[in-house]
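Novice: File name input37.pdb; file contents PDB, C-alpha atoms; full text below.
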```pdb
ATOM      1  CA  MET A   1       0.000   0.000   0.000
ATOM      2  CA  PRO A   2       1.667   3.335  -1.028
ATOM      3  CA  LYS A   3       2.585   5.418   2.024
ATOM      4  CA  GLN A   4       1.599   8.701   0.412
ATOM      5  CA  LEU A   5      -2.129   7.712   0.371
ATOM      6  CA  ASN A   6      -4.206   9.013   3.207
ATOM      7  CA  ILE A   7      -6.470   6.761   5.233
ATOM      8  CA  ILE A   8      -9.552   7.396   3.076
ATOM      9  CA  GLU A   9      -7.731   6.693  -0.158
ATOM     10  CA  ARG A  10      -6.272   3.502   1.281
ATOM     11  CA  ALA A  11      -9.729   2.297   2.323
ATOM     12  CA  THR A  12     -11.156   3.022  -1.132
ATOM     13  CA  LEU A  13      -8.329   1.171  -2.794
ATOM     14  CA  ALA A  14      -8.760  -1.774  -0.448
ATOM     15  CA  ARG A  15     -12.483  -2.065  -1.337
ATOM     16  CA  ARG A  16     -11.676  -1.999  -5.045
ATOM     17  CA  LEU A  17      -9.130  -4.739  -4.620
ATOM     18  CA  GLN A  18     -11.641  -6.864  -2.703
ATOM     19  CA  ARG A  19     -14.328  -6.354  -5.379
ATOM     20  CA  ASN A  20     -11.916  -7.256  -8.155
ATOM     21  CA  GLN A  21     -10.853 -10.355  -6.255
ATOM     22  CA  ARG A  22     -14.516 -11.471  -6.010
ATOM     23  CA  ARG A  23     -14.889 -11.047  -9.779
ATOM     24  CA  LEU A  24     -11.732 -13.039 -10.398
ATOM     25  CA  ASP A  25     -13.058 -15.761  -8.089
ATOM     26  CA  GLN A  26     -16.341 -15.881 -10.094
ATOM     27  CA  LEU A  27     -14.491 -16.156 -13.398
ATOM     28  CA  GLU A  28     -12.298 -18.932 -12.083
ATOM     29  CA  SER A  29     -15.393 -20.705 -10.796
ATOM     30  CA  LEU A  30     -17.040 -20.511 -14.252
ATOM     31  CA  LEU A  31     -13.855 -21.701 -15.914
ATOM     32  CA  ALA A  32     -13.867 -24.621 -13.498
ATOM     33  CA  GLY A  33     -17.368 -25.622 -14.683
ATOM     34  CA  ALA A  34     -19.767 -23.862 -12.306
ATOM     35  CA  PRO A  35     -23.236 -23.334 -13.857
ATOM     36  CA  LEU A  36     -24.167 -20.028 -15.417
ATOM     37  CA  ARG A  37     -26.931 -18.031 -13.814
ATOM     38  CA  THR A  38     -28.314 -15.126 -15.882
ATOM     39  CA  VAL A  39     -26.899 -14.939 -19.402
ATOM     40  CA  LYS A  40     -27.385 -12.138 -21.901
ATOM     41  CA  PHE A  41     -26.672 -12.587 -25.594
ATOM     42  CA  ALA A  42     -25.195  -9.675 -27.480
ATOM     43  CA  ASP A  43     -27.810  -9.901 -30.275
ATOM     44  CA  LEU A  44     -30.661 -10.795 -27.847
ATOM     45  CA  ALA A  45     -31.488 -13.914 -29.873
ATOM     46  CA  ILE A  46     -30.967 -17.659 -29.519
ATOM     47  CA  THR A  47     -30.799 -18.631 -33.169
ATOM     48  CA  LEU A  48     -31.084 -22.194 -34.430
ATOM     49  CA  ALA A  49     -27.394 -22.042 -35.227
ATOM     50  CA  LYS A  50     -26.653 -21.679 -31.516
ATOM     51  CA  ILE A  51     -28.659 -24.814 -30.585
ATOM     52  CA  THR A  52     -27.148 -28.207 -31.269
ATOM     53  CA  ASP A  53     -29.868 -30.171 -29.461
ATOM     54  CA  LEU A  54     -32.938 -29.417 -27.378
ATOM     55  CA  SER A  55     -35.257 -31.593 -25.334
ATOM     56  CA  ALA A  56     -38.488 -30.752 -23.527
ATOM     57  CA  ASP A  57     -38.352 -33.825 -21.291
ATOM     58  CA  LYS A  58     -37.621 -31.707 -18.230
ATOM     59  CA  ILE A  59     -40.795 -29.604 -18.495
ATOM     60  CA  THR A  60     -42.977 -31.088 -15.775
ATOM     61  CA  THR A  61     -44.742 -28.080 -14.299
ATOM     62  CA  GLY A  62     -46.063 -24.710 -15.325
ATOM     63  CA  THR A  63     -47.699 -23.598 -18.538
ATOM     64  CA  LEU A  64     -46.049 -23.930 -21.917
ATOM     65  CA  SER A  65     -46.783 -20.722 -23.799
ATOM     66  CA  VAL A  66     -45.847 -20.128 -27.389
ATOM     67  CA  GLY A  67     -46.231 -17.003 -29.444
ATOM     68  CA  GLU A  68     -47.693 -18.435 -32.635
ATOM     69  CA  GLN A  69     -48.023 -22.166 -33.088
ATOM     70  CA  ILE A  70     -46.931 -25.689 -32.252
ATOM     71  CA  LEU A  71     -46.188 -27.871 -35.261
ATOM     72  CA  ILE A  72     -45.389 -31.575 -35.056
ATOM     73  CA  ASN A  73     -43.834 -33.391 -37.983
ATOM     74  CA  ASP A  74     -44.004 -37.171 -38.448
ATOM     75  CA  GLY A  75     -40.694 -37.280 -40.290
ATOM     76  CA  SER A  76     -42.238 -36.599 -43.681
ATOM     77  CA  TYR A  77     -45.214 -34.319 -43.189
ATOM     78  CA  ASP A  78     -46.373 -31.705 -40.696
ATOM     79  CA  ARG A  79     -49.267 -33.572 -39.081
ATOM     80  CA  ILE A  80     -50.331 -31.686 -35.933
ATOM     81  CA  LEU A  81     -50.895 -27.937 -35.770
ATOM     82  CA  ILE A  82     -51.928 -25.978 -32.697
ATOM     83  CA  THR A  83     -52.455 -22.232 -32.993
ATOM     84  CA  ARG A  84     -54.292 -19.715 -30.870
ATOM     85  CA  ASP A  85     -57.612 -20.418 -32.620
ATOM     86  CA  ASP A  86     -57.220 -23.776 -34.330
ATOM     87  CA  ILE A  87     -56.185 -27.355 -33.632
ATOM     88  CA  ARG A  88     -55.703 -29.663 -36.603
ATOM     89  CA  ILE A  89     -54.484 -33.221 -37.076
ATOM     90  CA  SER A  90     -54.090 -34.449 -40.626
ATOM     91  CA  LYS A  91     -54.149 -37.993 -41.951
ATOM     92  CA  PRO A  92     -50.820 -39.630 -42.932
ATOM     93  CA  GLY A  93     -49.369 -38.092 -46.070
ATOM     94  CA  ILE A  94     -51.339 -34.855 -45.705
ATOM     95  CA  ASP A  95     -49.708 -31.509 -44.875
ATOM     96  CA  VAL A  96     -51.681 -30.173 -41.906
ATOM     97  CA  LYS A  97     -51.022 -26.589 -43.056
ATOM     98  CA  LYS A  98     -52.894 -27.002 -46.349
ATOM     99  CA  THR A  99     -55.721 -24.602 -47.057
ATOM    100  CA  ILE A 100     -58.966 -26.142 -45.822
ATOM    101  CA  THR A 101     -61.822 -26.494 -48.294
ATOM    102  CA  GLU A 102     -65.215 -28.162 -48.047
ATOM    103  CA  THR A 103     -63.978 -31.154 -50.038
ATOM    104  CA  ASN A 104     -60.668 -31.791 -48.233
ATOM    105  CA  LYS A 105     -61.922 -31.760 -44.638
ATOM    106  CA  LYS A 106     -62.113 -35.530 -45.033
ATOM    107  CA  ASP A 107     -58.281 -35.511 -45.076
ATOM    108  CA  PHE A 108     -58.119 -34.554 -41.413
ATOM    109  CA  ILE A 109     -58.290 -36.711 -38.312
ATOM    110  CA  LEU A 110     -59.471 -33.747 -36.241
ATOM    111  CA  LEU A 111     -60.444 -30.192 -37.081
ATOM    112  CA  SER A 112     -61.398 -27.906 -34.222
ATOM    113  CA  LEU A 113     -63.293 -25.771 -36.734
ATOM    114  CA  THR A 114     -65.801 -28.597 -37.291
ATOM    115  CA  GLU A 115     -67.959 -30.113 -34.586
ATOM    116  CA  THR A 116     -67.693 -33.774 -33.639
ATOM    117  CA  HIS A 117     -69.884 -36.096 -31.615
ATOM    118  CA  LYS A 118     -69.432 -36.147 -27.849
ATOM    119  CA  LEU A 119     -70.184 -39.456 -26.232
ATOM    120  CA  ARG A 120     -72.836 -39.294 -23.501
ATOM    121  CA  TYR A 121     -73.128 -43.005 -22.775
ATOM    122  CA  ALA A 122     -71.545 -46.233 -23.953
ATOM    123  CA  GLY A 123     -72.222 -49.537 -22.272
ATOM    124  CA  PHE A 124     -74.362 -52.613 -21.943
ATOM    125  CA  VAL A 125     -78.091 -52.273 -21.295
ATOM    126  CA  THR A 126     -80.026 -55.181 -19.843
ATOM    127  CA  THR A 127     -83.307 -53.462 -19.036
ATOM    128  CA  GLY A 128     -84.535 -52.827 -22.568
ATOM    129  CA  SER A 129     -84.339 -49.068 -22.234
ATOM    130  CA  TYR A 130     -81.974 -46.254 -21.320
ATOM    131  CA  THR A 131     -82.968 -42.811 -20.025
ATOM    132  CA  HIS A 132     -80.740 -40.167 -21.621
ATOM    133  CA  GLY A 133     -82.682 -37.091 -20.444
ATOM    134  CA  LEU A 134     -81.337 -34.893 -23.257
ATOM    135  CA  SER A 135     -84.705 -33.343 -24.175
ATOM    136  CA  ARG A 136     -83.967 -34.045 -27.842
ATOM    137  CA  ILE A 137     -83.704 -36.982 -30.221
ATOM    138  CA  PRO A 138     -80.029 -37.943 -29.889
ATOM    139  CA  VAL A 139     -77.842 -39.783 -32.361
ATOM    140  CA  PHE A 140     -77.398 -43.328 -31.064
ATOM    141  CA  TYR A 141     -76.135 -46.742 -32.156
ATOM    142  CA  ASN A 142     -77.071 -50.096 -30.674
ATOM    143  CA  TRP A 143     -76.174 -53.734 -31.169
ATOM    144  CA  ARG A 144     -77.568 -57.008 -29.889
ATOM    145  CA  VAL A 145     -74.912 -58.857 -27.907
ATOM    146  CA  ASP A 146     -74.668 -62.459 -26.783
ATOM    147  CA  SER A 147     -73.154 -61.614 -23.396
ATOM    148  CA  THR A 148     -72.349 -58.615 -21.222
ATOM    149  CA  SER A 149     -69.384 -60.238 -19.478
ATOM    150  CA  ASN A 150     -67.690 -61.849 -22.464
ATOM    151  CA  PRO A 151     -69.456 -60.742 -25.655
ATOM    152  CA  THR A 152     -68.349 -62.498 -28.811
ATOM    153  CA  LYS A 153     -70.947 -61.181 -31.238
ATOM    154  CA  PHE A 154     -72.363 -57.691 -31.823
ATOM    155  CA  THR A 155     -75.333 -57.789 -34.201
ATOM    156  CA  ALA A 156     -76.682 -54.680 -35.934
ATOM    157  CA  ASP A 157     -80.214 -53.857 -34.811
ATOM    158  CA  ASN A 158     -82.521 -51.006 -35.793
ATOM    159  CA  SER A 159     -85.540 -51.932 -33.697
ATOM    160  CA  ALA A 160     -84.567 -49.465 -30.959
ATOM    161  CA  ARG A 161     -86.567 -46.249 -30.745
ATOM    162  CA  ALA A 162     -85.607 -42.801 -29.510
ATOM    163  CA  THR A 163     -87.761 -40.259 -27.773
ATOM    164  CA  THR A 164     -86.616 -36.986 -26.256
ATOM    165  CA  THR A 165     -86.047 -38.766 -22.937
ATOM    166  CA  GLN A 166     -85.311 -42.445 -23.627
ATOM    167  CA  ILE A 167     -83.964 -45.121 -25.937
ATOM    168  CA  THR A 168     -86.468 -47.967 -25.823
ATOM    169  CA  ASN A 169     -87.116 -51.367 -27.444
ATOM    170  CA  LEU A 170     -83.524 -52.419 -26.905
ATOM    171  CA  PHE A 171     -82.803 -56.108 -27.185
ATOM    172  CA  ASN A 172     -81.768 -57.657 -23.883
ATOM    173  CA  PRO A 173     -78.796 -57.522 -23.659
ATOM    174  CA  SER A 174     -77.641 -54.719 -25.928
ATOM    175  CA  TYR A 175     -74.618 -52.499 -26.293
ATOM    176  CA  LEU A 176     -75.663 -48.856 -26.635
ATOM    177  CA  MET A 177     -73.871 -45.666 -27.588
ATOM    178  CA  VAL A 178     -75.670 -42.335 -27.157
ATOM    179  CA  PHE A 179     -74.191 -39.027 -28.263
ATOM    180  CA  ASN A 180     -75.009 -35.574 -26.945
ATOM    181  CA  GLU A 181     -75.900 -34.242 -30.371
ATOM    182  CA  GLY A 182     -79.391 -34.382 -31.784
ATOM    183  CA  TYR A 183     -82.489 -32.341 -32.494
ATOM    184  CA  THR A 184     -86.030 -31.763 -31.367
ATOM    185  CA  PRO A 185     -87.905 -31.874 -34.689
TER     186      PRO A 185
ATOM    187  CA  MET B   1     -39.503 -40.090 -35.847
ATOM    188  CA  SER B   2     -41.172 -43.212 -34.555
ATOM    189  CA  ASN B   3     -43.405 -42.017 -31.727
ATOM    190  CA  TYR B   4     -45.348 -38.928 -32.685
ATOM    191  CA  GLY B   5     -48.959 -37.874 -32.464
ATOM    192  CA  LEU B   6     -51.521 -36.657 -30.022
ATOM    193  CA  LYS B   7     -53.520 -38.687 -27.517
ATOM    194  CA  TRP B   8     -55.557 -37.902 -24.487
ATOM    195  CA  THR B   9     -57.333 -40.034 -21.957
ATOM    196  CA  ASP B  10     -59.681 -39.666 -19.039
ATOM    197  CA  GLY B  11     -57.927 -40.867 -15.911
ATOM    198  CA  VAL B  12     -55.679 -43.439 -17.591
ATOM    199  CA  ASP B  13     -51.914 -43.166 -18.152
ATOM    200  CA  VAL B  14     -51.715 -41.970 -21.733
ATOM    201  CA  SER B  15     -48.377 -43.690 -22.344
ATOM    202  CA  THR B  16     -49.867 -47.148 -21.727
ATOM    203  CA  ALA B  17     -53.553 -46.561 -22.532
ATOM    204  CA  LYS B  18     -55.313 -48.904 -24.934
ATOM    205  CA  LEU B  19     -57.282 -47.516 -27.858
ATOM    206  CA  GLU B  20     -60.582 -47.946 -26.013
ATOM    207  CA  ASN B  21     -59.265 -45.721 -23.201
ATOM    208  CA  LEU B  22     -58.484 -42.808 -25.489
ATOM    209  CA  ILE B  23     -60.801 -39.840 -25.839
ATOM    210  CA  ILE B  24     -58.836 -38.595 -28.848
ATOM    211  CA  SER B  25     -56.117 -40.292 -30.875
ATOM    212  CA  SER B  26     -54.448 -38.653 -33.821
ATOM    213  CA  SER B  27     -54.339 -42.079 -35.493
ATOM    214  CA  HIS B  28     -58.116 -42.462 -35.631
ATOM    215  CA  PRO B  29     -60.384 -39.983 -37.416
ATOM    216  CA  CYS B  30     -63.276 -38.267 -35.631
ATOM    217  CA  LEU B  31     -66.608 -37.921 -37.413
ATOM    218  CA  LYS B  32     -66.776 -34.276 -38.454
ATOM    219  CA  PHE B  33     -70.171 -32.673 -38.975
ATOM    220  CA  ALA B  34     -70.745 -31.262 -42.439
ATOM    221  CA  PHE B  35     -74.515 -30.771 -42.305
ATOM    222  CA  SER B  36     -77.242 -31.578 -39.811
ATOM    223  CA  GLY B  37     -80.829 -30.658 -39.206
ATOM    224  CA  THR B  38     -84.436 -31.734 -39.269
ATOM    225  CA  GLY B  39     -87.136 -32.162 -41.868
ATOM    226  CA  SER B  40     -90.204 -34.143 -42.832
ATOM    227  CA  ILE B  41     -91.305 -36.351 -45.682
ATOM    228  CA  THR B  42     -94.908 -36.767 -46.811
ATOM    229  CA  TYR B  43     -96.086 -39.683 -48.886
ATOM    230  CA  ASN B  44     -99.320 -41.426 -49.713
ATOM    231  CA  HIS B  45     -99.545 -44.602 -47.743
ATOM    232  CA  ASP B  46    -100.736 -47.637 -49.786
ATOM    233  CA  SER B  47    -100.640 -45.781 -53.095
ATOM    234  CA  SER B  48     -97.333 -44.065 -53.888
ATOM    235  CA  SER B  49     -93.776 -43.544 -52.724
ATOM    236  CA  ASN B  50     -91.841 -40.345 -52.301
ATOM    237  CA  ASP B  51     -88.171 -39.587 -52.892
ATOM    238  CA  ILE B  52     -87.069 -36.229 -51.483
ATOM    239  CA  LEU B  53     -83.896 -34.205 -51.151
ATOM    240  CA  ILE B  54     -82.758 -33.851 -47.540
ATOM    241  CA  VAL B  55     -79.641 -31.779 -48.197
ATOM    242  CA  LYS B  56     -77.325 -31.013 -51.102
ATOM    243  CA  HIS B  57     -73.791 -31.571 -49.776
ATOM    244  CA  ASN B  58     -71.764 -31.293 -53.021
ATOM    245  CA  LEU B  59     -68.743 -33.004 -51.446
ATOM    246  CA  GLY B  60     -67.881 -34.956 -54.586
ATOM    247  CA  TYR B  61     -67.822 -38.284 -52.732
ATOM    248  CA  LYS B  62     -70.331 -40.339 -50.769
ATOM    249  CA  PRO B  63     -70.145 -39.204 -47.135
ATOM    250  CA  LEU B  64     -71.131 -41.067 -44.000
ATOM    251  CA  PHE B  65     -74.535 -40.066 -42.671
ATOM    252  CA  ILE B  66     -77.236 -41.042 -40.198
ATOM    253  CA  VAL B  67     -80.983 -40.440 -40.394
ATOM    254  CA  LEU B  68     -83.336 -41.039 -37.461
ATOM    255  CA  THR B  69     -86.939 -41.051 -38.571
ATOM    256  CA  GLN B  70     -90.495 -41.440 -37.400
ATOM    257  CA  TRP B  71     -91.993 -44.567 -38.896
ATOM    258  CA  PHE B  72     -95.172 -46.402 -39.798
ATOM    259  CA  ASN B  73     -96.061 -49.323 -37.568
ATOM    260  CA  ILE B  74     -97.444 -52.091 -39.776
ATOM    261  CA  ASP B  75     -98.498 -54.099 -36.719
ATOM    262  CA  THR B  76    -100.819 -51.376 -35.450
ATOM    263  CA  ASP B  77    -101.448 -49.697 -38.842
ATOM    264  CA  SER B  78    -100.494 -46.300 -37.425
ATOM    265  CA  LYS B  79     -97.728 -43.717 -37.465
ATOM    266  CA  GLU B  80     -95.269 -43.770 -34.561
ATOM    267  CA  THR B  81     -93.810 -40.555 -33.121
ATOM    268  CA  SER B  82     -90.619 -42.171 -31.834
ATOM    269  CA  TYR B  83     -87.513 -42.242 -34.033
ATOM    270  CA  ARG B  84     -85.625 -45.223 -35.466
ATOM    271  CA  LYS B  85     -82.385 -45.468 -37.381
ATOM    272  CA  ALA B  86     -82.967 -45.643 -41.118
ATOM    273  CA  PRO B  87     -82.751 -47.496 -43.402
ATOM    274  CA  LEU B  88     -85.390 -49.728 -41.895
ATOM    275  CA  PHE B  89     -87.710 -52.264 -43.432
ATOM    276  CA  ASP B  90     -90.568 -53.987 -41.605
ATOM    277  CA  ASN B  91     -92.812 -56.528 -43.278
ATOM    278  CA  LEU B  92     -95.599 -59.000 -42.512
ATOM    279  CA  LEU B  93     -97.237 -61.837 -44.467
ATOM    280  CA  SER B  94     -94.095 -62.606 -46.500
ATOM    281  CA  GLY B  95     -93.699 -59.010 -47.561
ATOM    282  CA  ALA B  96     -97.264 -58.294 -48.690
ATOM    283  CA  ILE B  97     -97.508 -55.709 -45.898
ATOM    284  CA  TYR B  98     -94.489 -53.535 -45.438
ATOM    285  CA  PHE B  99     -92.932 -50.210 -44.462
ATOM    286  CA  ASN B 100     -89.672 -49.138 -46.081
ATOM    287  CA  ALA B 101     -87.681 -46.010 -45.139
ATOM    288  CA  LYS B 102     -84.482 -45.703 -47.102
ATOM    289  CA  PRO B 103     -82.211 -42.633 -46.959
ATOM    290  CA  TYR B 104     -79.247 -42.750 -49.312
ATOM    291  CA  VAL B 105     -76.363 -40.583 -50.490
ATOM    292  CA  THR B 106     -74.915 -39.758 -53.859
ATOM    293  CA  THR B 107     -71.747 -37.744 -54.407
ATOM    294  CA  THR B 108     -73.827 -34.555 -54.210
ATOM    295  CA  GLU B 109     -76.980 -35.199 -52.157
ATOM    296  CA  LEU B 110     -78.554 -36.939 -49.181
ATOM    297  CA  ARG B 111     -82.003 -38.153 -50.215
ATOM    298  CA  TYR B 112     -84.851 -40.013 -48.509
ATOM    299  CA  TYR B 113     -87.165 -42.578 -50.070
ATOM    300  CA  VAL B 114     -90.275 -43.920 -48.289
ATOM    301  CA  TYR B 115     -93.094 -46.257 -49.216
ATOM    302  CA  SER B 116     -95.421 -48.594 -47.361
ATOM    303  CA  PHE B 117     -98.458 -50.828 -47.800
ATOM    304  CA  THR B 118    -100.870 -52.250 -45.238
ATOM    305  CA  GLY B 119    -103.968 -52.647 -47.391
ATOM    306  CA  SER B 120    -105.974 -50.209 -45.303
ATOM    307  CA  GLY B 121    -106.265 -47.593 -48.058
ATOM    308  CA  SER B 122    -104.471 -44.502 -49.274
ATOM    309  CA  GLU B 123    -103.606 -41.976 -46.607
ATOM    310  CA  SER B 124    -101.237 -39.017 -46.520
ATOM    311  CA  ILE B 125     -98.483 -39.699 -43.990
ATOM    312  CA  THR B 126     -95.883 -37.180 -42.793
ATOM    313  CA  LEU B 127     -92.793 -38.464 -41.015
ATOM    314  CA  LYS B 128     -90.352 -36.149 -39.246
ATOM    315  CA  TYR B 129     -86.638 -36.951 -39.247
ATOM    316  CA  ILE B 130     -83.269 -35.676 -38.059
ATOM    317  CA  TYR B 131     -80.038 -36.121 -40.004
ATOM    318  CA  PHE B 132     -76.273 -35.731 -39.772
ATOM    319  CA  VAL B 133     -73.938 -35.758 -42.786
ATOM    320  CA  TYR B 134     -70.245 -36.065 -42.022
ATOM    321  CA  TYR B 135     -67.191 -34.904 -43.936
ATOM    322  CA  ASP B 136     -65.827 -38.399 -43.538
ATOM    323  CA  PRO B 137     -66.360 -40.622 -46.587
ATOM    324  CA  ASP B 138     -68.129 -43.972 -46.463
ATOM    325  CA  GLN B 139     -64.825 -45.594 -47.407
ATOM    326  CA  ASP B 140     -61.188 -44.532 -47.663
ATOM    327  CA  ILE B 141     -60.749 -42.494 -50.809
TER     328      ILE B 141
END
```
Can you dump the structure from the file as structure tokens?
Specialist:
Amino acid sequence: MPKQLNIIERATLARRLQRNQRRLDQLESLLAGAPLRTVKFADLAITLAKITDLSADKITTGTLSVGEQILINDGSYDRILITRDDIRISKPGIDVKKTITETNKKDFILLSLTETHKLRYAGFVTTGSYTHGLSRIPVFYNWRVDSTSNPTKFTADNSARATTTQITNLFNPSYLMVFNEGYTP
Amino acid sequence: MSNYGLKWTDGVDVSTAKLENLIISSSHPCLKFAFSGTGSITYNHDSSSNDILIVKHNLGYKPLFIVLTQWFNIDTDSKETSYRKAPLFDNLLSGAIYFNAKPYVTTTELRYYVYSFTGSGSESITLKYIYFVYYDPDQDI
């Protein structure tokens, strides 16, 4: 410590030396393999060129938010697309990003822009009727079955009747599927 | 990429769930509504048939559809107000008495054809129906 410095100057110099030593210690720690904490990139961007590999296996909590879309490729075609107002899944060999027309909606497994049936009930019925309580005539399918515990044969049957409250005239036993969708003519 | 797609289940581990446990699987198409609604068909019982247009879909292929219809009970010789899946055909006396309700699709239309005979005389019958036409074709095309 130079003798010509007064007590205040010596204290200031001592603090600077201590601060610089802490910085040197941090650098040596990083060089030795300590993990980085907050990192800032000069161009504020993590470009694809900077990423050699990336996995999402460690995301187990929280909400995954994306700005525009999620796109999943099957190796040949983009097959699943999730955007802020649309979810699409295309059939194999179909680009999910194709422009949708009335005649190519058949090429999709799922389109959130078109409604699909929602299952209200599926199961065996042994009482000859099922009360759905939907207040409309629902879409339904039924089959005669040879057993409820180990069925080996499902036989098409159109004797069942629908009212706005029940499915009746079911063979005993039957397997019944009732969907939420329907109408009150 | 060998394991891709989208699945979801209701209370079952999605990684081991069987197909019957899946609510949605990206490997299996959902029926997608193209058209649906209600209508009625009127025909002269015992004297003539009627073949009407339910909806013009113009899809260019034959789509899957379902029609649930009121029907004529040949046992009681009266119209029923409940709904049955069509097509349906009921007959008595080796087919001499019958009721036939037969919706069908072409590549452009869903149509509905009805006729019946019980021998009790001509009578105007109106049957209500509901229908759903799907974007999904009746076979892979």
Novice: As AutoDock Vina command-line options, please: the centre and edge lengths in Å, to one decimal, of an axis-aligned box enclosing every listed atom of range 99-108 of chain A with 3 Å added on each side.
Specialist:
```
--center_x -60.5 --center_y -30.1 --center_z -45.7 --size_x 15.5 --size_y 16.9 --size_z 14.6
```
Novice: Calculated over all atoms listed in the file, which of the candidates B:Ser47, B:Ser36, B:Thr118, B:Thr126 has the smallest distance to chain A?
Specialist: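 Of B:Ser47, B:Ser36, B:Thr118, B:Thr126, the one nearest chain A, counting all atoms listed in the file, is B:Ser36.
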Novice: Find, counting only C-alpha atoms, the residue in A:Thr127, A:Thr165, A:Gln21, A:Gln4 that gets nearest to chain B.
Specialist: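 Going through A:Thr127, A:Thr165, A:Gln21, A:Gln4 one by one, the smallest distance to chain B is for A:Thr165.
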Novice: Which residue is closest to Phe99 in chain B? Choose from B:Lys62, B:Lys128, B:His45, B:Lys85 and count all atoms listed in the file.
Specialist: B:His45
Novice: Apply the PyMOL selection byres ((chain A) within 7 of (chain B)) to the structure shown and report the selected residues as a list in words.
Specialist: Asp74, Gly75, Ile89, Glu102, Thr103, Lys105, Lys106, Ile109, Leu110, Thr114, Glu115, Thr116, His117, Asn158, Ser159, Ala160, Arg161, Ala162, Thr163, Tyr183 and Pro185 of chain A
Novice: Take the residues that were just selected and, keeping C-alpha atoms, output them as a PDB file, in the coordinates of the input.
Specialist:
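Saved the output as result_22.pdb:
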```
ATOM      1  CA  ASP A  74     -44.004 -37.171 -38.448  1.00  0.00           C
ATOM      2  CA  GLY A  75     -40.694 -37.280 -40.290  1.00  0.00           C
ATOM      3  CA  ILE A  89     -54.484 -33.221 -37.076  1.00  0.00           C
ATOM      4  CA  GLU A 102     -65.215 -28.162 -48.047  1.00  0.00           C
ATOM      5  CA  THR A 103     -63.978 -31.154 -50.038  1.00  0.00           C
ATOM      6  CA  LYS A 105     -61.922 -31.760 -44.638  1.00  0.00           C
ATOM      7  CA  LYS A 106     -62.113 -35.530 -45.033  1.00  0.00           C
ATOM      8  CA  ILE A 109     -58.290 -36.711 -38.312  1.00  0.00           C
ATOM      9  CA  LEU A 110     -59.471 -33.747 -36.241  1.00  0.00           C
ATOM     10  CA  THR A 114     -65.801 -28.597 -37.291  1.00  0.00           C
ATOM     11  CA  GLU A 115     -67.959 -30.113 -34.586  1.00  0.00           C
ATOM     12  CA  THR A 116     -67.693 -33.774 -33.639  1.00  0.00           C
ATOM     13  CA  HIS A 117     -69.884 -36.096 -31.615  1.00  0.00           C
ATOM     14  CA  ASN A 158     -82.521 -51.006 -35.793  1.00  0.00           C
ATOM     15  CA  SER A 159     -85.540 -51.932 -33.697  1.00  0.00           C
ATOM     16  CA  ALA A 160     -84.567 -49.465 -30.959  1.00  0.00           C
ATOM     17  CA  ARG A 161     -86.567 -46.249 -30.745  1.00  0.00           C
ATOM     18  CA  ALA A 162     -85.607 -42.801 -29.510  1.00  0.00           C
ATOM     19  CA  THR A 163     -87.761 -40.259 -27.773  1.00  0.00           C
ATOM     20  CA  TYR A 183     -82.489 -32.341 -32.494  1.00  0.00           C
ATOM     21  CA  PRO A 185     -87.905 -31.874 -34.689  1.00  0.00           C
TER      22      PRO A 185
END
```
Novice: What's the separation between CA of Tyr121 in chain A and CA of Glu181 in chain A, in Å to one decimal place?
Specialist: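 About the pair CA of Tyr121 in chain A and CA of Glu181 in chain A: they are 11.9 Å apart.
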Novice: Taking the file as shown, find all residues satisfying the PyMOL selection byres ((chain A and resi 156) around 8) and write them as a list in words.
Specialist: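 Matching residues under the PyMOL selection byres ((chain A and resi 156) around 8) are Asn142, Trp143, Arg144, Phe154, Thr155, Asp157 and Asn158 of chain A.
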Novice: Let me make sure I understand: among B:Asn21, B:Ser49, B:Ser120, B:Thr42, which one has the smallest atom-to-atom distance to Thr76 in chain B if we use all atoms listed in the file?
Specialist: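 Smallest distance to Thr76 in chain B is found for B:Ser120.
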Novice: May I have the protein, DNA and RNA residues with an atom at most 12 Å from (-94.5, -54.8, -49.5), counting all atoms listed in the file in the file's coordinates, returned as a ChimeraX atom specification?
Specialist: /B:45-49,74,89-101,114-119
Novice: Could you tell me how far CA of Leu5 in chain A lies from CA of Leu17 in chain A, in Å and to one decimal?
Specialist: 15.1 Å
Novice: Find the residue from B:Asp10, B:Val55, B:Ile125, B:Asp75 that sits nearest to Thr106 in chain B; use all atoms listed in the file when measuring.
Specialist: B:Val55
Novice: Which one of A:Leu71, A:Leu44, A:Ala34, A:Ile87 sits closest to Leu113 in chain A if you count only C-alpha atoms?
Specialist: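 With only C-alpha atoms as the atom set, the closest residue is A:Ile87.
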Novice: Work out how far CA of Arg23 in chain A is from CA of Pro35 in chain A, in Å to one decimal.
Specialist: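 Separating CA of Pro35 in chain A from CA of Arg23 in chain A is a distance of 15.4 Å.
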Novice: Could you state which residues are captured by the PyMOL selection byres ((chain A and resi 122-125) around 8) in this file, as a list in words?
Specialist: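 Given this file, the PyMOL selection byres ((chain A and resi 122-125) around 8) evaluates to Leu119, Arg120, Tyr121, Thr126, Thr127, Gly128, Ser129, Tyr130, Thr148, Leu170, Asn172, Pro173, Ser174, Tyr175, Leu176, Met177 and Val178 of chain A.
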